[in-house]
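Asker: Got a structure here, written out as structure tokens. Questions coming.
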Amino acid sequence: RTAEETFEAVIAADQKVEPRDWMPDAYRKGLIRQIAQHAHSEIIGMQPEGNWITRAPSLKRKAILLAKVQDEAGHGLYLYAAAETLGISRDELVDALLTGRQKYSSIFNYPTLTWADMGAIGWLVDGAAIVNQVPICRCSYGPYARAMIRICKEESFHQRQGYEILYTLSNGTAAQHEMAQESINRWWYPSLAMFGPPDADSTHSAQSMAWKIKRHSNDELRQRFVDMCVPQAEVLGLTIPDPELRWNEERGHHDYTSPDFEELMRVVKGDGPCNAERMAHRRRAHTDGAWVRAAAEAYAAKHDGSDR
Amino acid sequence: RTAEETFEAVIAADQKVEPRDWMPDAYRKGLIRQIAQHAHSEIIGMQPEGNWITRAPSLKRKAILLAKVQDEAGHGLYLYAAAETLGISRDELVDALLTGRQKYSSIFNYPTLTWADMGAIGWLVDGAAIVNQVPICRCSYGPYARAMIRICKEESFHQRQGYEILYTLSNGTAAQHEMAQESINRWWYPSLAMFGPPDADSTHSAQSMAWKIKRHSNDELRQRFVDMCVPQAEVLGLTIPDPELRWNEERGHHDYTSPDFEELMRVVKGDGPCNAERMAHRRRAHTDGAWVRAAAEAYAAKHDGSDR
Amino acid sequence: MTGTELALQLGDDALIAAQRLAEWSARAPSMEEDVALANIALDQLGAARLFLAEVGDEDELAFLRADHEFRNCLLVELPNGPYRGDLDFGWTIAKLLFLSSAQLLRYRTIAAEGGPLAPIAAKVAKESAYHVDHASRWTIRLGDGTPESHDRMAAAVEGLWAYSSEVCDDRAAWLALIEPVLAEATLPRPADGPVRDGGRAGRHTEHLSYLLGEMQVLHRAHPGAQW
Amino acid sequence: MTGTELALQLGDDALIAAQRLAEWSARAPSMEEDVALANIALDQLGAARLFLAEVGDEDELAFLRADHEFRNCLLVELPNGPYRGDLDFGWTIAKLLFLSSAQLLRYRTIAAEGGPLAPIAAKVAKESAYHVDHASRWTIRLGDGTPESHDRMAAAVEGLWAYSSEVCDDRAAWLALIEPVLAEATLPRPADGPVRDGGRAGRHTEHLSYLLGEMQVLHRAHPGAQW
């Protein structure tokens with residue numbers, strides 16, 4: 001069999017492609033793009049939540065939030081490592097982020113304006129991420145699939161914590177309840193937009209499906225997310241801000257209003273409320289840390305590469 | 001008459017020495033030192049009060065404090081201008097401050113820890129400054145005397161504002177009253193130390209007296225300050241933190257506990273709680289502003305020295 | 001727009017601008033500029049007090065509202081540099097140029113229309129003219145100063161441009177004030193791109209809640225106290 | 001010193017240190033270091049909660065005390081650089097080296113003495129050993145790295161030295177931990193000069209009230225609320 005036939009056979013048998021295996025160039029490039037974007041999203045995603053660590057309203061919540069943001073840095077590290085197995089270095093990927101050649105999830109270009117946003121991000125944003133990512137745990141590329149298993153486990157933990165924040169707020173004082181509802185109002189449609197453009201307009205998808213990188217269409221996943229959120233919102237005592245939302249007996253799903261995909265495209269292109277700040281923040285951290293990284297390298301070089 | 005005789009005659013007749021007049025070298029140097037130290041104190045003195053502008057508890061108080069700190073910058077400018085009439089440039093003086101060759105008043109090396117410190121600085125620190133400075137309005141050097149007249153007028157306005165802050169706090173809530181008393185407890189002895197070492201240990205004084213730069217001894221002025229504060233503290237309803245403080249019928253003055261002059265000397269030498277921070281702040285502002293000053297010079301040079 | 005809404009916009013713009021300018025206290029590039037920035041901050045604070053007093057108690061409005069209740073444009077709440085904690089003089093000057101030009105235009109219109117805010121607007125318009133002049137002079141000096149100052153000033157104008165449309169009512173009139181200044185400063189006039197706004201509707205940036213946290217901390221710690 | 005006072009000192013040192021370390025979130029020099037600093041912040045926060053819970057309600061103590069009621073040493077409340085708003089990694093590492101070495105010694109002593117805080121101290125001492133190791137490795141790398149990093153690390157050690165005596169009980173033991181690290185880092189051991197202290201008696205720097213203003217703002221805005 002040729003290398004290509006072997007590759008196709010592995011895919012067909014739902015087995016894993018591993019780093020040393022032959023793979024089509026487009027498969028490799030597509031995976032690098034997808035894993036890198038995912039890694040960048042973890043790293044940029046630290047910012048909106050990091051914004052509330054110093055102001056968390058109880059020590060327990062402060063600890064949980066600190067740990068969550070730390071997990072995101074950890075996820076970034078796994079994912080960059082997974083991408084590196086495809087023959088690209090982390091430095092190259094970071095450079096692609098900092099110069100804007102590669103993207104991160106647009107959801108992180110919205111500001112976190114209240115503490116309730118820590119709940120909404122957990123419940124809705126992490127919730128949408130999980131719906132997106134669970135199928136990737138069965139993705140055909142081994143290192144990515146394995147990283148996703150670990151990440152999804154932690155993400156679902158985060159989602160529960162976000163849900164719990166909202167539950168506490170919703171059942172707290174009137175001001176807290178209002179804070180929770182206002183936050184859901186802001187985050188609902190951006191979360192729906194996380195599943196990407198409608199199937200009709202989606203690029204990349206067909207080939208990704210064939211290669212078992214992607215396993216469900218954007219609209220299928222979005223529907224799954226909506227159906228999941230509706231009963232949870234009821235338990236929370238919060239209202240999903242969509243007057244068209246209702247159960248459709250015939251379809252066996254909820255009907256809902258689509259997010260504003262034009263807004264999504266604007267944010268993707270760089271015109272969201274925080275794109276400039278998120279990138280400036282990341283570049284600043286990178287630049288400010290240059291002398292430290294240089295020192296660590298100089299030290300390692302002097303001491304034969306040993307770290308002390 | 002020789003130039004020196006003319007100078008002595010002017011001093012003797014309580015007239016003013018003016019910039020173009022001949023004057024002894026030591027007179028010139030002593031005045032430069034004193035005026036510069038005074039100017040530096042105004043500039044460094046902006047910091048402890050500047051520390052509370054963004055947190056002032058009412059808009060009226062914020063405006064008053066902003067205006068006060070602005071006045072201090074203005075005083076610094078008059079005083080540097082007065083020093084310049086003695087043949088030294090402002091740049092040289094600023095350099096002497098930034099390199100630590102010249103001093104500023106040690107009182108500004110104490111931190112401002114509460115809003116009440118805005119009151120205590122006005123009442124006690126500005127009060128002590130006024131007692132020190134009113135006689136300088138009759139100083140033999142014309143430009144300095146005239147600058148001081150203007151400054152003293154504004155300072156006594158500041159002192160009244162500080163007094164009013166304390167009066168309001170003292171008659172406010174229990175927490176406010178306590179805040180005022182705690183602040184007086186911290187600022188009383190450092191304010192007494194503003195008059196300098198006891199007469200027995202004071203250098204410079206005899207010659208300064210003869211030249212009518214200085215007109216009263218440190219201890220005389222300190223006593224005047226204590227006598228002034230005691231009835232004011234009573235009206236404020238605040239306690240001066242000196243158990244030995246009492247009226248001495250015989251002397252016609254209050255007896256009081258001297259400040260810790262060893263502490264004063266330590267702070268003068270650079271070991272006060274905030275010396276390092278105050279200097280670092282000033283240096284940082286100077287360094288950060290370098291590109292702006294360079295731009296203004298470059299622009300003026302390009303446009304024939306005209307400012308637009 | 002109701003009169004209340006207008007007074008809040010004008011008052012909040014001026015108040016938040018004053019708070020940001022006050023952060024320069026004792027940190028300006030020169031002593032003269034320390035005096036000048038404090039002066040402008042005082043004018044802004046004074047204007048804020050006049051406008052807010054038309055709507056309610058100035059201190060309740062300043063110290064007891066949450067960020068989403070403020071009606072200032074986003075421009076004024078941005079830090080004094082591209083990054084929180086920065087003190088970038090060029091950035092501050094660009095903010096002041098954009099704001100004071102808009103204030104001057106709004107104040108003049110309101111004064112001319114003769115409504116209830118007209119007397120205040122007429123008074124503060126005079127101060128605005130000085131602010132515009134001060135900001136313009138510095139924009140020109142920095143733009144046409146050294147290569148470094150040119151680049152810094154250009155970056156500030158570019159970085160803040162997206163926030164400039166929310167600041168004014170009549171953009172054409174605003175551009176007529178700004179463009180000649182940029183030209184004399186040898187600075188490029190940025191292209192109009194996507195707009196950053198939301199402040200007038202209470203949708204602010206992440207910066208405002210930090211600013212208010214600091215501004216309100218003492219007042220809120222002593223409920224009902226007099227100062 | 002009473003047990004309450006001791007628990008407050010240990011709890012407040014750890015709490016304020018955690019708050020300062022948390023300011024590094026998403027801004028560390030590398031992703032690995034983002035993870036490491038968050039880890040240490042979490043350990044410090046965990047220790048703070050254990051010690052404060054010995055004395056009262058952890059949230060009341062953290063969020064409802066004024067600055068003069070805190071008993072932390074001045075070192076921990078200093079900003080992450082010589083100036084408010086700075087994020088200087090060398091400065092942060094020097095602070096951590098000084099603090100964690102003192103914590104390790106205090107925790108071990110308390111654990112050995114077997115009083116009511118002994119079980120907590122024994123638990124958190126293990127974490128302190130990791131913090132000391134992390135700070136020591138970085139001190140050495142930066143001190144013996146590039147000329148720039150050497151100078152920055154030396155300036156940090158020098159600038160913070162005056163705050164180091166308040167941090168520990170047994171200075172000789174503390175010096176025995178610190179001096180070999182400085183030597184291996186090729187950094188001069190600063191001369192002992194005047195000391196900056198007062199935190200144990202509630203006399204803090206101008207920095208603490210800003211830190212608390214930010215830390216407490218949300219909790220205080222909703223009196224009595226549960227989170």
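Going by the structure tokens order, chains are called A, B, ..., each with residues numbered from 1, while ligands are numbered from 1 in the order shown.
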Based on only C-alpha atoms, which of the residues in chain A come within 9 Å of chain C? I want them as a PyMOL selection string.
Answerer: chain A and resi 48+51+111-114+266+271-274+276-277+280-281+284
Asker: Counting only C-alpha atoms, a student should be able to say which residues of chain C come within 9 Å of chain D; what is the right answer, written as a PyMOL selection string?
Answerer: chain C and resi 84-86+210+213-214+217-218+220-221
Asker: Give me every alpha helix (DSSP H) residue in range 102-265 of chain A, going by DSSP on the backbone, as an MDAnalysis selection string.
Answerer: chainID A and resid 116:120 127:133 142:170 174:193 205:210 218:236 261:265
Asker: Please dump the current selection as a compact mmCIF listing (two decimals), in the first residue's frame; keep C-alpha atoms.
Answerer:
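Contents of result.txt, freshly written:
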```
# COMPACT_ATOMS: atom_id res chain seq x y z
CA ALA A 116 -21.55 38.00 36.40
CA ASP A 117 -19.56 37.73 33.19
CA MET A 118 -17.38 35.19 35.00
CA GLY A 119 -20.52 33.11 35.30
CA ALA A 120 -21.74 33.71 31.77
CA GLY A 127 -20.46 25.42 27.33
CA ALA A 128 -20.30 26.24 23.62
CA ALA A 129 -16.62 25.34 23.58
CA ILE A 130 -17.39 21.93 25.03
CA VAL A 131 -20.11 21.25 22.47
CA ASN A 132 -17.58 22.17 19.81
CA GLN A 133 -14.76 20.21 21.34
CA GLY A 142 -3.93 11.34 17.83
CA PRO A 143 -2.10 14.10 19.72
CA TYR A 144 -4.95 16.57 19.16
CA ALA A 145 -7.58 14.04 20.20
CA ARG A 146 -5.68 13.21 23.38
CA ALA A 147 -5.11 16.86 24.29
CA MET A 148 -8.82 17.48 23.79
CA ILE A 149 -9.83 14.68 26.13
CA ARG A 150 -7.88 16.29 28.92
CA ILE A 151 -9.05 19.79 28.03
CA CYS A 152 -12.72 18.83 27.78
CA LYS A 153 -12.60 17.30 31.22
CA GLU A 154 -11.33 20.56 32.70
CA GLU A 155 -13.67 22.66 30.59
CA SER A 156 -16.72 20.88 31.85
CA PHE A 157 -15.49 21.55 35.36
CA HIS A 158 -15.20 25.23 34.43
CA GLN A 159 -18.64 25.20 32.94
CA ARG A 160 -20.13 23.90 36.17
CA GLN A 161 -18.31 26.60 38.12
CA GLY A 162 -19.71 29.27 35.82
CA TYR A 163 -23.16 27.84 36.17
CA GLU A 164 -22.78 27.91 39.92
CA ILE A 165 -21.73 31.57 39.88
CA LEU A 166 -24.86 32.42 37.93
CA TYR A 167 -27.04 30.28 40.14
CA THR A 168 -25.78 32.06 43.24
CA LEU A 169 -26.26 35.47 41.67
CA SER A 170 -29.68 34.63 40.31
CA ALA A 174 -32.08 41.81 43.42
CA ALA A 175 -28.95 43.62 42.24
CA GLN A 176 -27.12 40.31 41.86
CA HIS A 177 -29.99 38.75 39.93
CA GLU A 178 -30.10 41.74 37.61
CA MET A 179 -26.34 41.55 37.13
CA ALA A 180 -26.67 37.90 36.08
CA GLN A 181 -29.51 38.56 33.65
CA GLU A 182 -27.74 41.55 32.10
CA SER A 183 -24.67 39.41 31.55
CA ILE A 184 -26.64 36.64 29.84
CA ASN A 185 -28.20 39.28 27.63
CA ARG A 186 -24.76 40.33 26.43
CA TRP A 187 -23.20 36.88 26.04
CA TRP A 188 -26.00 34.81 24.50
CA TYR A 189 -25.66 35.76 20.84
CA PRO A 190 -21.86 35.96 20.81
CA SER A 191 -21.89 32.43 22.26
CA LEU A 192 -24.18 31.21 19.48
CA ALA A 193 -21.79 32.80 17.01
CA SER A 205 -16.03 21.90 6.50
CA ALA A 206 -16.45 19.22 3.86
CA GLN A 207 -12.81 18.18 3.74
CA SER A 208 -12.55 18.36 7.55
CA MET A 209 -15.51 16.03 7.82
CA ALA A 210 -14.01 13.58 5.38
CA ASN A 218 -21.84 24.26 12.63
CA ASP A 219 -25.63 24.38 12.68
CA GLU A 220 -25.94 20.90 14.20
CA LEU A 221 -23.65 21.90 17.06
CA ARG A 222 -25.38 25.23 17.53
CA GLN A 223 -28.74 23.47 17.79
CA ARG A 224 -27.31 21.01 20.29
CA PHE A 225 -26.05 23.96 22.38
CA VAL A 226 -29.39 25.77 22.33
CA ASP A 227 -31.25 22.60 23.31
CA MET A 228 -28.82 22.10 26.17
CA CYS A 229 -29.08 25.67 27.47
CA VAL A 230 -32.83 26.06 27.57
CA PRO A 231 -33.56 23.74 30.52
CA GLN A 232 -30.45 24.97 32.33
CA ALA A 233 -31.62 28.59 32.04
CA GLU A 234 -34.93 27.55 33.56
CA VAL A 235 -33.18 26.07 36.57
CA LEU A 236 -31.08 29.20 36.85
CA PHE A 261 -23.31 36.77 11.47
CA GLU A 262 -22.38 40.11 9.99
CA GLU A 263 -21.32 41.21 13.45
CA LEU A 264 -19.38 37.96 13.77
CA MET A 265 -17.57 38.68 10.51
```
